[in-house]
Amino acid sequence: MRLDEEQGFDTIAAAAAAGITVFDTARAYPGNEAFVAQSLRRCGAAERARIVTKGGMAAGWVADGRAKTIRADCEASLAALDGLPIDVYLVHAPDPRTPWRTTVRALARLVDDGLVRRVGLSNVNRPQLDEALELAPVAAVEVALSPFDDHALRGGVVERCDDLAIALIAHSPLGGPRRAHRVAAEHALAWLLELSPVVVPIPGARRPETARSAARAATLELDDAQRAAFGAPRPARPAAAEEGEIVVVMGIPGAGKSRVALEYTERGFVRLNRDERSGTLRALAAALDEELAAGARRLVLDNTYLTRASRSYVVDAAVRHGLRARCIWLDVPLADAQVNLVERLLDRFGRLPTPEELRTAAREPGMLTPTSQMRTFRELEPPALDEGFAEIERRPFARDSPPRSRGAAVFVAAGAVDQALGVADPTWPHLVYDWNPDGDATALEAAVARLAAAVSGEVEGALCPHAAGPPRCWCRPPLPGLPLAFARAHDVDVARSVVVGAGAAHRTLANVLGARYEGI
């Protein structure tokens, strides 16, 4: 046995001797499951050990939540453990490419089929946890939690687990290898244990003494000074006593938050906006605290508050100063927000920017790449009253109606020119659009010429030449850049227009624009 393996065995043996029974591993750590099983047998702790392991993570640390992967990973883990049962089997992380419900149902089937005793989730937020609870008997949740990372605490995951008596396994409880030396390990673990009886910290022990230290933490009782060193828990939320109000306007980029904030500034509210002040949301919360301490009592904050954790600092500041916090949630569909962002870019550049220009402009307020906006849409956690808001006002999206005098157009995919004949008024302006990563416009030019010979309205062509992969521009269909730029140049209303296409991307483009679709 190599020296590092012998030290690993000594660490596991020391942990077992100190009374630790939960051993956490994962399929993604090559050889780890088999080594843990062998070590537990060797030190005589196999019968009382509870194995927690994880699956659903492919090579390169890419989440894979497909049902067949969850099943295959679980069976591989059982083989590696060589007869030791899995007490709790966790999905390593949500896979954005797989519906979350599909992954969770696959977990539930592992219990139904008797492969594992219980199942749980790892690296999830509160909405993902709540959705999973409807589909599977979730027995444990593993998330990062430490004096350096209280996201799960502020995000409501700890609270939900505490309410339902679900074990919360706190990984990286000392903040990870780069931060562990900055804390008194036993005190930090004791602080975590005091948060809730469901919290189970699992430090990544590499030495026997570390394992013994972790076991001793369960016997410690912290004094007030020691607790304060790790930060006080979130303040209690008594009823607001003072006159005033803090309004949180939240929504994805392009939702129209600035317009709502203007309604309040015109009524005398102080506006705190990160784009105007720069810095982080945490710094903005500190600025809020300073404004309140100076006597301000009516403030509006319009920012992309995607998570419960990011909003918690505003709610906490309101509580400390005896004010009510009210949330206005702009529940805007991604398609409408995409249209808004493209319109901003057209205002800024007078045309669609290139990927290089967009990458530079993305440092400016309101200038985002498509992938950045889509990511925020996926990460959004809808607000809830149990965050501490006195009220939540949900505002569905309503686009301003353009003047009826504006005309209409026909947006034609280059491969569907023949289908464009007769679907709309031939005097309307026509745009023939295409995507060709090679930048070859030959096919597009031929399609433009063919259509121009058949209609009397103006016909133009527009090509997206940018590479495949995650979109770096706003002009690749079904993104709405090309039709919106054409519509602005010709003063037409896209919602009165027609999209002619030959596939799912073109139908999606019509939905984004709110236009009628005609397809092959």
# chains A, B, ... in the order shown; residues from 1 in each chain; ligands from 1
call {"tool": "select_by_dssp", "arguments": {"residues": "range 197-380 of chain A", "states": "strand (DSSP E or B)", "output": "PyMOL selection string"}}
result
chain A and resi 199-202+245-250+270-272+298-302+324-331
call {"tool": "residues_around", "arguments": {"residues": "range 489-503 of chain A", "least_positions_apart": "4", "cutoff": "8 Å", "atoms": "only C-alpha atoms", "output": "PyMOL selection string"}}
result
chain A and resi 402+406-413+415-417+419-420+424+429+483-485+507+509-510+513-520
call {"tool": "residues_around", "arguments": {"residues": "Tyr29 in chain A", "least_positions_apart": "6", "cutoff": "12 Å", "atoms": "only C-alpha atoms", "output": "ChimeraX atom specification"}}
result
/A:35-36,53-55,57-61,77,80,92
call {"tool": "atom_distance", "arguments": {"atom1": "CA of Asp150 in chain A", "atom2": "CA of Leu288 in chain A"}}
result
20.3 Å
call {"tool": "closest_residue", "arguments": {"among": "A:Thr102, A:Leu121, A:Trp474, A:Pro137", "to": "Val157 in chain A", "atoms": "only C-alpha atoms"}}
result
A:Leu121
call {"tool": "residues_around", "arguments": {"residues": "Ser456 in chain A", "least_positions_apart": "2", "cutoff": "9 Å", "atoms": "only C-alpha atoms", "output": "number ranges by chain"}}
result
A: 426-429, 452-454, 458-459
call {"tool": "atom_distance", "arguments": {"atom1": "CA of Thr369 in chain A", "atom2": "CA of Leu306 in chain A"}}
result
17.2 Å
